[in-house]
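Content type mmCIF, C-alpha atoms, from the file run.cif:
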data_my_file
loop_
_atom_site.label_atom_id
_atom_site.label_comp_id
_atom_site.auth_asym_id
_atom_site.auth_seq_id
_atom_site.Cartn_x
_atom_site.Cartn_y
_atom_site.Cartn_z
CA MET A 16 52.19 88.47 39.92
CA ASP A 17 53.12 88.41 36.26
CA LYS A 18 55.09 91.57 36.75
CA ASN A 19 57.27 89.95 39.48
CA LEU A 20 57.80 86.85 37.41
CA LYS A 21 58.95 88.93 34.49
CA LYS A 22 61.36 90.77 36.75
CA TYR A 23 62.97 87.58 38.08
CA THR A 24 63.17 86.13 34.60
CA SER A 25 64.97 89.21 33.40
CA LEU A 26 67.37 88.95 36.34
CA PHE A 27 68.36 85.41 35.38
CA LYS A 28 69.03 86.58 31.86
CA ASN A 29 71.52 89.14 33.15
CA SER A 30 75.01 87.94 32.19
CA THR A 31 76.70 89.43 35.28
CA ILE A 32 74.37 87.55 37.56
CA ILE A 33 74.90 84.32 35.68
CA SER A 34 78.70 84.58 35.63
CA SER A 35 78.83 85.67 39.27
CA SER A 36 76.62 82.79 40.31
CA ILE A 37 78.76 80.31 38.41
CA THR A 38 81.92 81.78 39.96
CA LEU A 39 80.44 81.54 43.45
CA PHE A 40 79.31 77.98 42.79
CA LEU A 41 82.77 77.04 41.55
CA LEU A 42 84.39 78.73 44.54
CA LEU A 43 82.12 76.86 46.90
CA SER A 44 82.87 73.58 45.14
CA ALA A 45 86.61 74.30 45.19
CA VAL A 46 86.53 75.14 48.89
CA VAL A 47 84.61 71.94 49.67
CA ALA A 48 87.01 69.92 47.49
CA ALA A 49 90.08 71.56 49.07
CA VAL A 50 88.79 70.88 52.60
CA LEU A 51 87.88 67.24 51.85
CA LEU A 52 91.20 66.61 50.11
CA GLY A 53 93.03 68.30 52.98
CA MET A 54 91.32 66.05 55.51
CA ARG A 55 92.13 62.97 53.46
CA LEU A 56 95.74 64.09 53.06
CA TYR A 57 96.00 64.64 56.81
CA ASN A 58 94.68 61.11 57.46
CA ASN A 59 97.13 59.62 54.97
CA TYR A 60 99.96 61.59 56.53
CA THR A 61 98.97 60.32 60.00
CA ASP A 62 98.98 56.74 58.67
CA LEU A 63 102.41 57.38 57.22
CA SER A 64 103.68 58.60 60.59
CA ILE A 65 102.32 55.43 62.25
CA LYS A 66 104.05 53.32 59.60
CA THR A 67 107.29 55.23 60.23
CA GLU A 68 107.08 54.35 63.93
CA GLU A 69 106.35 50.70 63.10
CA ILE A 70 109.35 50.62 60.77
CA ASP A 71 111.58 52.15 63.43
CA LYS A 72 110.43 49.48 65.92
CA ALA A 73 110.93 46.72 63.39
CA LYS A 74 114.38 48.07 62.49
CA THR A 75 115.37 48.02 66.18
CA SER A 76 114.19 44.42 66.47
CA VAL A 77 116.05 43.49 63.32
CA SER A 78 119.23 45.11 64.59
CA LEU A 79 118.71 43.35 67.95
CA ILE A 80 118.58 40.05 66.11
CA GLN A 81 121.42 40.86 63.71
CA ASN A 82 123.78 42.26 66.34
CA ASN A 83 123.17 39.43 68.76
CA LYS A 84 123.13 36.81 66.06
CA ASN A 85 126.80 37.43 65.33
CA LEU A 86 127.60 37.06 69.02
CA LEU A 87 125.17 34.39 70.15
CA SER A 88 124.00 32.30 67.22
CA GLN A 89 126.57 29.57 67.84
CA SER A 90 125.77 28.72 71.43
CA ILE A 91 122.64 30.56 72.53
CA ASP A 92 120.91 27.31 73.50
CA ASP A 93 123.84 26.24 75.67
CA TYR A 94 124.05 29.65 77.31
CA ASN A 95 120.33 29.65 78.03
CA VAL A 96 120.54 26.18 79.59
CA ILE A 97 123.25 27.52 81.94
CA LEU A 98 121.22 30.63 82.75
CA GLU A 99 118.12 28.55 83.45
CA LYS A 100 120.20 26.39 85.81
CA LEU A 101 121.53 29.43 87.63
CA VAL A 102 118.18 31.16 88.05
CA PRO A 103 115.42 28.63 87.35
CA ASN A 104 111.91 29.74 86.46
CA ASN A 105 110.52 27.91 89.47
CA GLU A 106 111.93 26.85 92.81
CA SER A 107 111.70 23.33 94.13
CA TYR A 108 112.84 21.51 97.24
CA PHE A 109 114.77 19.05 95.07
CA LEU A 110 116.72 21.83 93.33
CA VAL A 111 117.76 23.38 96.63
CA ILE A 112 118.83 20.09 98.22
CA SER A 113 120.69 19.14 95.07
CA ALA A 114 122.49 22.51 95.07
CA LEU A 115 123.49 22.09 98.73
CA GLU A 116 124.81 18.59 98.06
CA ASN A 117 126.82 19.84 95.08
CA LEU A 118 128.13 22.74 97.14
CA ALA A 119 129.29 20.41 99.93
CA SER A 120 130.92 17.92 97.58
CA ARG A 121 132.65 20.58 95.48
CA THR A 122 134.03 22.61 98.40
CA GLY A 123 134.63 19.76 100.85
CA VAL A 124 132.81 21.29 103.82
CA ARG A 125 130.19 19.34 105.74
CA ILE A 126 126.76 20.91 105.82
CA LEU A 127 125.43 20.07 109.26
CA SER A 128 122.01 21.67 109.04
CA TYR A 129 119.97 24.21 107.21
CA SER A 130 116.85 26.22 107.92
CA ILE A 131 114.74 28.62 105.92
CA ASP A 132 115.08 32.26 106.94
CA LEU A 133 111.52 33.38 106.27
CA SER A 134 112.13 37.01 107.21
CA SER A 135 114.82 37.40 104.54
CA SER A 136 113.13 35.25 101.88
CA THR A 137 111.10 36.97 99.19
CA GLU A 138 108.98 35.92 96.23
CA GLU A 139 112.06 35.32 94.10
CA LYS A 140 114.67 34.69 96.81
CA LEU A 141 114.92 31.76 99.20
CA THR A 142 117.28 32.46 102.08
CA LEU A 143 118.72 29.50 103.97
CA GLN A 144 120.82 29.57 107.12
CA ILE A 145 123.28 26.75 106.70
CA GLU A 146 125.64 25.45 109.35
CA VAL A 147 128.92 24.16 107.95
CA GLU A 148 131.95 22.45 109.36
CA GLY A 149 135.45 22.02 107.99
CA ASP A 150 139.00 23.13 108.46
CA LEU A 151 140.02 26.67 107.58
CA SER A 152 141.17 25.81 104.06
CA LEU A 153 137.82 24.17 103.29
CA ILE A 154 135.87 27.07 104.76
CA GLU A 155 137.94 29.47 102.66
CA ARG A 156 137.30 27.35 99.56
CA PHE A 157 133.59 27.42 100.39
CA MET A 158 133.71 31.22 100.72
CA GLN A 159 135.51 31.45 97.41
CA GLN A 160 133.27 29.10 95.42
CA TYR A 161 129.75 29.26 96.87
CA HIS A 162 128.42 31.48 94.02
CA PHE A 163 128.29 28.72 91.43
CA ALA A 164 129.69 25.52 92.96
CA GLY A 165 126.17 24.37 93.87
CA GLY A 166 125.22 24.33 90.20
CA ARG A 167 123.09 27.44 90.53
CA LEU A 168 123.48 31.04 91.59
CA ILE A 169 123.94 31.47 95.34
CA THR A 170 124.74 34.74 97.06
CA ASN A 171 125.62 35.75 100.56
CA GLU A 172 124.94 39.18 101.99
CA SER A 173 126.87 38.92 105.26
CA PHE A 174 128.94 36.42 107.18
CA SER A 175 131.13 35.98 110.23
CA ILE A 176 134.11 33.66 110.46
CA ASN A 177 136.17 32.85 113.53
CA LEU A 178 139.60 31.68 112.44
CA GLU A 179 140.33 30.03 115.76
CA ASN A 180 137.20 27.95 115.78
CA GLN A 181 135.81 26.60 112.49
CA GLU A 182 133.13 24.47 114.08
CA ASN A 183 129.53 25.23 113.32
CA ILE A 184 130.01 28.30 111.14
CA THR A 185 126.70 29.65 109.90
CA PHE A 186 126.28 31.21 106.49
CA SER A 187 123.18 32.88 105.15
CA LEU A 188 122.77 31.81 101.51
CA ASN A 189 120.31 33.13 98.94
CA PHE A 190 118.86 30.95 96.16
CA PHE A 191 117.05 32.74 93.34
CA HIS A 192 114.30 31.82 90.93
CA LYS A 193 112.26 33.98 88.59
CA GLU A 194 110.07 33.18 85.64
CA PHE A 195 111.10 34.70 82.32
CA GLN A 196 109.07 37.77 81.41
CA ASP A 197 109.10 39.06 77.87
CA ASN A 198 109.72 42.69 78.76
CA VAL A 199 113.21 42.97 77.34
CA GLU A 200 113.77 46.21 75.48
CA ALA A 201 114.43 45.74 71.79
CA ALA A 202 117.54 47.88 72.09
CA SER A 203 119.13 45.49 74.62
CA LEU A 204 122.38 43.97 73.50
CA ALA A 205 124.42 41.12 74.79
CA ASN A 206 128.06 42.11 74.84
CA PRO A 207 131.21 39.98 74.60
CA ASN A 208 131.74 40.38 78.36
CA ASP A 209 128.39 38.68 79.01
CA ILE A 210 129.49 35.73 76.89
CA SER A 211 132.87 35.42 78.56
CA GLU A 212 131.19 35.66 81.97
CA ILE A 213 128.76 32.86 81.09
CA GLN A 214 131.59 30.75 79.74
CA ASP A 215 133.55 31.41 82.93
CA ILE A 216 130.54 30.51 85.08
CA ALA A 217 130.04 27.30 83.09
CA THR A 218 133.49 26.14 84.20
CA LYS A 219 132.51 26.68 87.84
CA LEU A 220 129.21 24.79 87.76
CA MET B 9 44.45 111.69 49.49
CA LYS B 10 47.84 110.75 51.10
CA LYS B 11 50.77 109.60 48.98
CA HIS B 12 52.92 106.64 50.24
CA ILE B 13 56.54 106.06 49.32
CA ASN B 14 57.40 102.39 49.11
CA LEU B 15 61.06 101.98 50.33
CA PHE B 16 61.19 98.32 49.33
CA THR B 17 60.82 98.93 45.67
CA ASN B 18 61.57 96.02 43.40
CA GLU B 19 63.22 98.27 40.82
CA SER B 20 66.24 99.06 43.00
CA ASN B 21 66.57 95.39 44.27
CA GLY B 22 67.67 94.05 40.90
CA GLU B 23 70.37 96.66 40.46
CA GLN B 24 71.63 96.14 44.01
CA LEU B 25 71.78 92.39 43.52
CA VAL B 26 73.84 92.82 40.36
CA LYS B 27 76.12 95.24 42.19
CA ILE B 28 76.63 92.86 45.12
CA LEU B 29 77.22 89.91 42.81
CA LYS B 30 79.80 91.89 40.87
CA GLN B 31 81.66 92.66 44.09
CA LEU B 32 81.39 89.05 45.22
CA LYS B 33 82.69 87.88 41.86
CA SER B 34 85.71 90.15 42.11
CA VAL B 35 86.55 88.57 45.49
CA ALA B 36 85.52 85.05 44.51
CA MET B 37 87.73 84.81 41.42
CA PRO B 38 91.08 85.13 43.23
CA LEU B 39 89.78 82.90 46.03
CA PHE B 40 88.79 80.31 43.46
CA PHE B 41 92.26 80.32 41.92
CA ILE B 42 93.83 80.09 45.36
CA CYS B 43 91.60 77.06 46.04
CA ILE B 44 92.62 75.49 42.74
CA LEU B 45 96.27 76.06 43.63
CA LEU B 46 95.65 74.53 47.05
CA ILE B 47 93.97 71.51 45.47
CA LEU B 48 96.93 71.09 43.11
CA LEU B 49 99.33 71.25 46.03
CA GLU B 50 97.22 68.72 47.92
CA LEU B 51 97.28 66.40 44.93
CA VAL B 52 101.08 66.66 44.82
CA GLY B 53 101.06 65.92 48.55
CA PHE B 54 98.84 62.91 47.93
CA LEU B 55 101.23 61.59 45.32
CA TYR B 56 104.18 62.02 47.67
CA VAL B 57 102.45 60.47 50.70
CA ASN B 58 101.07 57.55 48.69
CA ASN B 59 104.46 56.81 47.16
CA ARG B 60 106.13 56.93 50.57
CA SER B 61 103.35 54.80 52.03
CA ALA B 62 103.88 52.16 49.33
CA GLU B 63 107.64 52.20 50.00
CA TYR B 64 107.05 51.88 53.75
CA ASP B 65 104.68 48.98 53.22
CA LYS B 66 107.38 47.21 51.23
CA THR B 67 110.05 47.91 53.87
CA LEU B 68 107.75 46.90 56.72
CA LYS B 69 106.87 43.68 54.94
CA THR B 70 110.55 42.82 54.45
CA LEU B 71 111.41 43.63 58.06
CA SER B 72 108.40 41.74 59.40
CA GLN B 73 109.34 38.68 57.36
CA PHE B 74 112.88 38.81 58.78
CA ILE B 75 111.54 39.12 62.33
CA GLU B 76 109.08 36.29 61.76
CA ILE B 77 111.76 33.98 60.41
CA ASN B 78 113.99 34.80 63.39
CA SER B 79 111.22 34.94 66.00
CA ASN B 80 112.54 31.82 67.70
CA PHE B 81 116.02 33.30 67.94
CA ASP B 82 114.53 36.62 69.06
CA SER B 83 112.84 34.97 72.05
CA LYS B 84 116.08 33.14 72.90
CA ILE B 85 118.00 36.43 72.90
CA LYS B 86 115.38 37.99 75.13
CA PHE B 87 115.61 35.04 77.53
CA PHE B 88 119.42 35.37 77.56
CA ILE B 89 119.38 39.11 78.20
CA TYR B 90 116.63 38.84 80.85
CA LYS B 91 118.30 36.07 82.86
CA LYS B 92 121.79 37.56 82.52
CA LYS B 93 120.51 40.85 83.90
CA LEU B 94 118.88 39.02 86.82
CA ILE B 95 122.19 37.35 87.63
CA ASP B 96 124.04 40.68 87.45
CA ASP B 97 121.46 42.28 89.75
CA TYR B 98 121.58 39.43 92.27
CA LEU B 99 125.38 39.31 92.26
CA ALA B 100 125.46 43.07 92.90
CA GLN B 101 123.81 42.32 96.27
CA ASP B 102 126.46 39.75 97.14
CA ALA B 103 128.97 40.63 99.84
CA GLN B 104 131.94 39.23 97.84
CA GLY B 105 133.28 38.40 101.28
CA TYR B 106 136.17 36.23 100.16
CA VAL B 107 137.68 39.04 98.09
CA TYR B 108 137.73 41.35 101.11
CA TYR B 109 138.74 38.62 103.53
CA GLU B 110 141.81 37.95 101.37
CA LYS B 111 142.42 41.65 101.05
CA MET B 112 142.33 42.05 104.83
CA LYS B 113 144.84 39.23 105.27
CA THR B 114 147.16 40.90 102.72
CA VAL B 115 146.82 44.33 104.35
CA LEU B 116 147.59 42.82 107.77
CA ALA B 117 150.58 40.89 106.41
CA GLU B 118 151.98 44.04 104.82
CA ASN B 119 151.27 46.52 107.60
CA MET B 120 150.83 44.54 110.84
CA PRO B 121 152.60 41.19 110.49
CA TYR B 122 152.60 40.78 114.31
CA ALA B 123 148.77 40.91 114.48
CA THR B 124 146.75 37.71 114.13
CA LEU B 125 143.33 37.78 112.51
CA VAL B 126 140.89 36.12 114.91
CA GLU B 127 137.47 37.01 113.58
CA PHE B 128 136.15 38.60 110.41
CA GLN B 129 132.56 39.79 110.10
CA PHE B 130 131.55 41.31 106.80
CA ASP B 131 128.43 42.44 104.95
CA ASN B 132 127.49 43.71 101.51
CA THR B 133 127.94 47.35 102.51
CA LYS B 134 131.66 46.45 102.65
CA THR B 135 131.59 47.11 106.38
CA ALA B 136 133.63 44.77 108.55
CA GLU B 137 134.21 44.15 112.20
CA ILE B 138 137.60 42.55 112.71
CA ILE B 139 139.13 41.11 115.85
CA LEU B 140 142.92 41.02 115.95
CA LYS B 141 145.12 39.34 118.51
CA LEU B 142 148.21 41.19 119.74
CA LYS B 143 150.85 39.43 121.82
CA ASN B 144 152.39 42.25 123.83
CA TYR B 145 152.42 45.94 124.61
CA GLU B 146 155.03 46.71 121.91
CA ASP B 147 152.76 45.10 119.32
CA LEU B 148 149.91 47.30 120.50
CA ILE B 149 152.03 50.46 120.09
CA SER B 150 153.15 49.28 116.63
CA PHE B 151 149.54 48.44 115.76
CA LEU B 152 148.35 51.92 116.78
CA ASN B 153 151.14 53.53 114.76
CA ALA B 154 150.44 51.36 111.69
CA LEU B 155 146.73 52.15 111.96
CA GLU B 156 147.48 55.81 111.21
CA THR B 157 149.71 55.20 108.20
CA PRO B 158 148.49 56.08 104.69
CA GLU B 159 149.49 52.61 103.45
CA PHE B 160 146.96 51.06 105.81
CA LEU B 161 144.26 53.73 105.60
CA LYS B 162 144.17 53.84 101.77
CA ASN B 163 142.31 50.50 101.79
CA PHE B 164 139.40 51.78 103.86
CA THR B 165 136.88 54.59 103.89
CA PHE B 166 137.04 54.61 107.70
CA VAL B 167 138.67 52.70 110.53
CA THR B 168 137.54 52.96 114.14
CA ILE B 169 138.42 51.20 117.38
CA PRO B 170 135.25 51.04 119.50
CA SER B 171 137.15 50.45 122.77
CA LEU B 172 140.70 49.79 123.86
CA ASP B 173 142.19 49.38 127.32
CA PRO B 174 146.02 49.19 127.19
CA THR B 175 146.17 48.47 130.93
CA GLU B 176 144.99 44.95 130.12
CA PHE B 177 148.64 44.25 129.33
CA SER B 178 149.53 43.77 132.96
CA SER B 179 152.18 41.21 132.11
CA ASN B 180 154.00 40.18 128.96
CA GLU B 181 152.17 36.86 128.84
CA THR B 182 148.76 38.43 128.34
CA GLU B 183 147.31 38.54 124.83
CA LEU B 184 145.01 41.34 123.87
CA ASN B 185 142.13 41.13 121.40
CA VAL B 186 141.50 44.43 119.63
CA THR B 187 138.33 45.05 117.68
CA ILE B 188 138.38 47.40 114.72
CA GLN B 189 135.37 48.50 112.70
CA THR B 190 136.00 49.49 109.13
CA GLN B 191 134.60 49.90 105.69
CA PHE B 192 136.59 48.78 102.69
CA GLU B 193 137.11 50.93 99.65
CA GLN B 194 135.12 49.53 96.71
CA ASP B 195 137.25 46.93 94.99
CA ASN B 196 136.02 47.28 91.43
CA GLY B 197 136.31 44.52 88.93
CA GLN B 198 136.97 41.71 91.39
CA LYS B 199 134.55 38.90 91.27
CA SER B 200 135.07 35.56 92.85
#
Turn the structure described in the file into structure tokens.
Amino acid sequence: MDKNLKKYTSLFKNSTIISSSITLFLLLSAVVAAVLLGMRLYNNYTDLSIKTEEIDKAKTSVSLIQNNKNLLSQSIDDYNVILEKLVPNNESYFLVISALENLASRTGVRILSYSIDLSSSTEEKLTLQIEVEGDLSLIERFMQQYHFAGGRLITNESFSINLENQENITFSLNFFHKEFQDNVEAASLANPNDISEIQDIATKL
Amino acid sequence: MKKHINLFTNESNGEQLVKILKQLKSVAMPLFFICILLILLELVGFLYVNNRSAEYDKTLKTLSQFIEINSNFDSKIKFFIYKKKLIDDYLAQDAQGYVYYEKMKTVLAENMPYATLVEFQFDNTKTAEIILKLKNYEDLISFLNALETPEFLKNFTFVTIPSLDPTEFSSNETELNVTIQTQFEQDNGQKS
């Protein structure tokens, strides 16, 4: 037993063994440190990449605001009031009747009757079959002005007009409503044409 | 008495251990320096990433503040763009009938002044069914000739006459209604 102990003691006094052991220990420590630092660096780099994406998004939003601010800052509220009139968030009986009355008074035709076309109506579109009466010039004015003369957006997908008999002409008119949904892409831009179109529409309401 | 040779002698173990450790040390030293170099590089990387991260934080803060201040305007722009797009989409489904009705009257006046427009049916595929009134047989011949001319045809993608019976003109007093089916060429840029 004593002999073995002496042997081990002598081994630990050997300089080669001591230096080799220290070197191995240092290597092991360096490897562990390098791996841990590497992992930490990778995490920091990933965070940096996320921040880069956030900055890109924020920059797009800022440019959306800046670009549109030049174009819209003066009258955005007025434009939005017009747009809300044209395509309201919600539909109501009053709005439709009011639009039909405006349409009749602005174009001069007489609206004899109207009925809801359920088969053509959808969640955001109310289709009405309206029967109108008037002379040819009034019917033509109606055809020319129906889009906005009612005070809101109205479209027509098909029609038939008999020029020899303007009694009881039926038009199929669409009224739209849709609630605003905040899914506009940050890169979207209003352009000068949009503004001039809205201004032009405003004169027709 | 038998003699035994002990192969696991302790004497040789010590020397072997020293030998192995020497070899390990010769490999471990360069590896250690490589690791130190790697750690130094990682520290440089840390410095770079942390500096960039601090810069990004500053930028993000500035941008976020700008967005926050203008958040009200931002939502107004979004409302504007959303509703304007809806209107464009809905108007794209519109027949724009008046534009084509006027166009048809002009085309008739230029190419078939003797024909009277009686009925005009139109839909948003730009397809129309038109009934024209002709007063006599000569008008019918002129109408058929005009129908083939490039000046008339350039306005349409197709023009067809579903049925025609010229014998209906038994006398000069008879008027003939002719139906033509057609599709207008897209008239870009015209909005009523």
Next item on the list: For chain B, list the residues within 7 Å of chain A, counting all atoms listed in the file, and write the list as number ranges by chain.
Entry: B: 22, 26, 29-30, 33, 36-37, 39-40, 43-44, 46-47, 50, 54, 57, 61, 64, 68, 71-72, 75, 82, 86-92, 99, 101-103, 106, 126-132, 200
Notebook entry, point to check: What is the CA of Thr122 in chain A to CA of Thr133 in chain B distance in Å?
Noted result: 25.8 Å
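Atom pair CA of Ser150 in chain B / CA of Asn163 in chain B has a distance of 18.4 Å (rounded to one decimal).
For the pair CA of Thr168 in chain B and CA of Ile138 in chain B, the interatomic distance is 10.5 Å.
Evaluating the PyMOL selection byres ((chain A and resi 127) around 12) against the shown model yields Leu115, Glu116, Ala119, Val124, Arg125, Ile126, Ser128, Tyr129, Ser130, Gln144, Ile145, Glu146, Val147, Glu148, Gly149, Glu182, Asn183, Ile184, Thr185 and Phe186 of chain A.
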Can you tell me which residues surround Pro121 in chain B at a distance of at most 10 Å, considering only C-alpha atoms, apart from same-chain residues fewer than 6 positions away, and format the answer as an mmCIF file with C-alpha atoms, in the frame of the given file?
data_model
loop_
_atom_site.group_PDB
_atom_site.id
_atom_site.type_symbol
_atom_site.label_atom_id
_atom_site.label_comp_id
_atom_site.auth_asym_id
_atom_site.auth_seq_id
_atom_site.Cartn_x
_atom_site.Cartn_y
_atom_site.Cartn_z
ATOM 1 C CA LYS B 113 144.840 39.230 105.270
ATOM 2 C CA THR B 114 147.160 40.900 102.720
ATOM 3 C CA VAL B 115 146.820 44.330 104.350
ATOM 4 C CA ASP B 147 152.760 45.100 119.320
ATOM 5 C CA PHE B 151 149.540 48.440 115.760
#
Which centre and edge lengths in Å to one decimal define the box along x, y and z that fits every listed atom of range 78-96 of chain B plus 8 Å per side, as lines of an AutoDock Vina configuration file?
center_x = 117.6
center_y = 36.3
center_z = 75.5
size_x = 28.8
size_y = 25.0
size_z = 40.2
Checklist line | Closest of B:Ala100, B:Leu161, B:Val107, B:Ala154 to Tyr122 in chain B - atom-to-atom distances counting all atoms listed in the file | finding: B:Ala154
Margin query: Report as a VMD selection string all protein, DNA and RNA residues lying within 9 Å of Val186 in chain B, evaluated on all atoms listed in the file, omitting residues in the same chain fewer than 2 positions from it.
Written below: chain B and resid 138 to 142 148 169 171 to 172 184 188
Would you kindly return, as a JSON list (two decimals) with C-alpha atoms, in the frame of the given file, each protein, DNA or RNA residue with an atom no farther than 10 Å from any atom of Thr157 in chain B, considering all atoms listed in the file and excluding same-chain residues fewer than 5 positions away?
[["chain", "number", "residue", "atom", "x", "y", "z"],
["B", 119, "ASN", "CA", 151.27, 46.52, 107.60],
["B", 152, "LEU", "CA", 148.35, 51.92, 116.78],
["B", 162, "LYS", "CA", 144.17, 53.84, 101.77]]
